[in-house]
Amino acid sequence: MQIKPCPCGRTPTKLHINAQDRDKWASVSGDCCNEWSIEYRNGYARIPSDESMELALAAWNAATRAEPANDELSRPATACHEPQRDREAGSA
Ligand SMILES: [Zn+2]
């Protein structure tokens with residue numbers, strides 16, 4: 001199963017499970033930003049284990065992602081303006 005993109009805009013190549021071994025609930029975050037995490041029901045599975053990772057991946061992919069707001073958040077930083085040199089010819 002493929003990992004769906006993170007709301008941060010990147011697609012994680014790996015998911016990190018944050019929980020104790022055999023926890024009932026665990027949370028999973030991506031290795032892209034490590035900021036977005038999803039809680040999922042681990043059901044006392046061993047951590048790490050294929051079973052736990054499958055649950056984490058399913059929860060990650062099923063989670064609702066807010067559409068990135070392009071208006072406010074990703075306002076481009078003002079690039080440095082190169083002075084426009086219209087004329088190089090010095091008239092001195
Ligand atoms: Zn991310």
# chains A, B, ... in the order shown; residues from 1 in each chain; ligands from 1

$ closest_atom_pairs --of "chain A" --to "ligand 1" --cutoff "10 Å" --atoms "only C-alpha atoms and all ligand atoms" --output "JSON lines"
{"residue": "A:Pro5", "atom": "CA", "partner": "ligand 1", "partner_atom_place_in_ligand_line": "1 (Zn)", "distance": 7.6}
{"residue": "A:Cys6", "atom": "CA", "partner": "ligand 1", "partner_atom_place_in_ligand_line": "1 (Zn)", "distance": 4.5}
{"residue": "A:Pro7", "atom": "CA", "partner": "ligand 1", "partner_atom_place_in_ligand_line": "1 (Zn)", "distance": 6.0}
{"residue": "A:Cys8", "atom": "CA", "partner": "ligand 1", "partner_atom_place_in_ligand_line": "1 (Zn)", "distance": 4.4}
{"residue": "A:Gly9", "atom": "CA", "partner": "ligand 1", "partner_atom_place_in_ligand_line": "1 (Zn)", "distance": 6.5}
{"residue": "A:Arg10", "atom": "CA", "partner": "ligand 1", "partner_atom_place_in_ligand_line": "1 (Zn)", "distance": 5.7}
{"residue": "A:Thr11", "atom": "CA", "partner": "ligand 1", "partner_atom_place_in_ligand_line": "1 (Zn)", "distance": 6.9}
{"residue": "A:Pro12", "atom": "CA", "partner": "ligand 1", "partner_atom_place_in_ligand_line": "1 (Zn)", "distance": 6.6}
{"residue": "A:Ser29", "atom": "CA", "partner": "ligand 1", "partner_atom_place_in_ligand_line": "1 (Zn)", "distance": 7.7}
{"residue": "A:Gly30", "atom": "CA", "partner": "ligand 1", "partner_atom_place_in_ligand_line": "1 (Zn)", "distance": 5.7}
{"residue": "A:Asp31", "atom": "CA", "partner": "ligand 1", "partner_atom_place_in_ligand_line": "1 (Zn)", "distance": 6.9}
{"residue": "A:Cys32", "atom": "CA", "partner": "ligand 1", "partner_atom_place_in_ligand_line": "1 (Zn)", "distance": 4.4}
{"residue": "A:Cys33", "atom": "CA", "partner": "ligand 1", "partner_atom_place_in_ligand_line": "1 (Zn)", "distance": 3.9}
{"residue": "A:Asn34", "atom": "CA", "partner": "ligand 1", "partner_atom_place_in_ligand_line": "1 (Zn)", "distance": 6.0}
{"residue": "A:Glu35", "atom": "CA", "partner": "ligand 1", "partner_atom_place_in_ligand_line": "1 (Zn)", "distance": 6.3}
{"residue": "A:Trp36", "atom": "CA", "partner": "ligand 1", "partner_atom_place_in_ligand_line": "1 (Zn)", "distance": 5.9}
{"residue": "A:Ser37", "atom": "CA", "partner": "ligand 1", "partner_atom_place_in_ligand_line": "1 (Zn)", "distance": 8.7}

$ write_last_selection --atoms "C-alpha atoms" --output "mmCIF file, in the first residue's frame"
data_model
loop_
_atom_site.group_PDB
_atom_site.id
_atom_site.type_symbol
_atom_site.label_atom_id
_atom_site.label_comp_id
_atom_site.auth_asym_id
_atom_site.auth_seq_id
_atom_site.Cartn_x
_atom_site.Cartn_y
_atom_site.Cartn_z
ATOM 1 C CA PRO A 5 0.886 12.630 0.965
ATOM 2 C CA CYS A 6 1.080 14.551 4.179
ATOM 3 C CA PRO A 7 -0.735 17.896 4.570
ATOM 4 C CA CYS A 8 2.694 19.506 4.700
ATOM 5 C CA GLY A 9 2.877 18.880 0.967
ATOM 6 C CA ARG A 10 5.399 16.085 0.905
ATOM 7 C CA THR A 11 4.914 12.379 0.801
ATOM 8 C CA PRO A 12 6.642 10.534 3.580
ATOM 9 C CA SER A 29 3.613 10.553 11.857
ATOM 10 C CA GLY A 30 5.514 10.849 8.628
ATOM 11 C CA ASP A 31 9.231 11.249 8.173
ATOM 12 C CA CYS A 32 8.549 14.297 6.009
ATOM 13 C CA CYS A 33 7.844 16.803 8.753
ATOM 14 C CA ASN A 34 7.092 14.735 11.840
ATOM 15 C CA GLU A 35 4.493 17.299 12.728
ATOM 16 C CA TRP A 36 1.300 15.810 11.479
ATOM 17 C CA SER A 37 0.296 12.770 13.422
#

$ residues_around --residues "Ile38 of chain A" --least-positions-apart "6" --cutoff "8 Å" --atoms "only C-alpha atoms" --output "VMD selection string"
chain A and resid 27 to 29 59 to 60 63

$ write_last_selection --atoms "N, CA and C atoms" --output "PDB file, in the first residue's frame"
ATOM      1  N   SER A  27       0.075   6.647  17.862  1.00  0.00           N
ATOM      2  CA  SER A  27      -0.012   7.706  16.869  1.00  0.00           C
ATOM      3  C   SER A  27       1.095   7.513  15.862  1.00  0.00           C
ATOM      4  N   VAL A  28       0.800   7.966  14.657  1.00  0.00           N
ATOM      5  CA  VAL A  28       1.736   7.764  13.566  1.00  0.00           C
ATOM      6  C   VAL A  28       2.009   9.103  12.895  1.00  0.00           C
ATOM      7  N   SER A  29       3.253   9.333  12.568  1.00  0.00           N
ATOM      8  CA  SER A  29       3.613  10.553  11.857  1.00  0.00           C
ATOM      9  C   SER A  29       4.556  10.188  10.718  1.00  0.00           C
ATOM     10  N   ALA A  59      -4.595   4.014   8.858  1.00  0.00           N
ATOM     11  CA  ALA A  59      -5.109   5.203   9.532  1.00  0.00           C
ATOM     12  C   ALA A  59      -4.577   6.464   8.863  1.00  0.00           C
ATOM     13  N   TRP A  60      -3.313   6.430   8.504  1.00  0.00           N
ATOM     14  CA  TRP A  60      -2.684   7.570   7.842  1.00  0.00           C
ATOM     15  C   TRP A  60      -3.408   7.884   6.535  1.00  0.00           C
ATOM     16  N   ALA A  63      -7.045   9.235   6.936  1.00  0.00           N
ATOM     17  CA  ALA A  63      -7.244  10.489   7.651  1.00  0.00           C
ATOM     18  C   ALA A  63      -7.662  11.608   6.703  1.00  0.00           C
TER      19      ALA A  63
END

$ atom_distance --atom1 "atom CA of Met53 of chain A" --atom2 "atom CA of Ala66 of chain A"
23.4 Å

$ select_by_dssp --residues "segment 12-56 of chain A" --states "alpha helix (DSSP H)" --output "list in words"
Asp50, Glu51, Ser52, Met53, Glu54, Leu55 and Ala56 of chain A

$ write_last_selection --atoms "C-alpha atoms" --output "mmCIF file, in the first residue's frame"
data_model
loop_
_atom_site.group_PDB
_atom_site.id
_atom_site.type_symbol
_atom_site.label_atom_id
_atom_site.label_comp_id
_atom_site.auth_asym_id
_atom_site.auth_seq_id
_atom_site.Cartn_x
_atom_site.Cartn_y
_atom_site.Cartn_z
ATOM 1 C CA ASP A 50 3.966 -5.528 10.431
ATOM 2 C CA GLU A 51 0.547 -5.624 11.985
ATOM 3 C CA SER A 52 1.038 -2.343 13.759
ATOM 4 C CA MET A 53 2.529 -0.714 10.674
ATOM 5 C CA GLU A 54 -0.425 -1.851 8.578
ATOM 6 C CA LEU A 55 -2.835 -0.301 11.041
ATOM 7 C CA ALA A 56 -0.793 2.878 11.103
#

$ residues_around --residues "Gln2 of chain A" --least-positions-apart "2" --cutoff "9 Å" --atoms "only C-alpha atoms" --output "count of residues only"
3
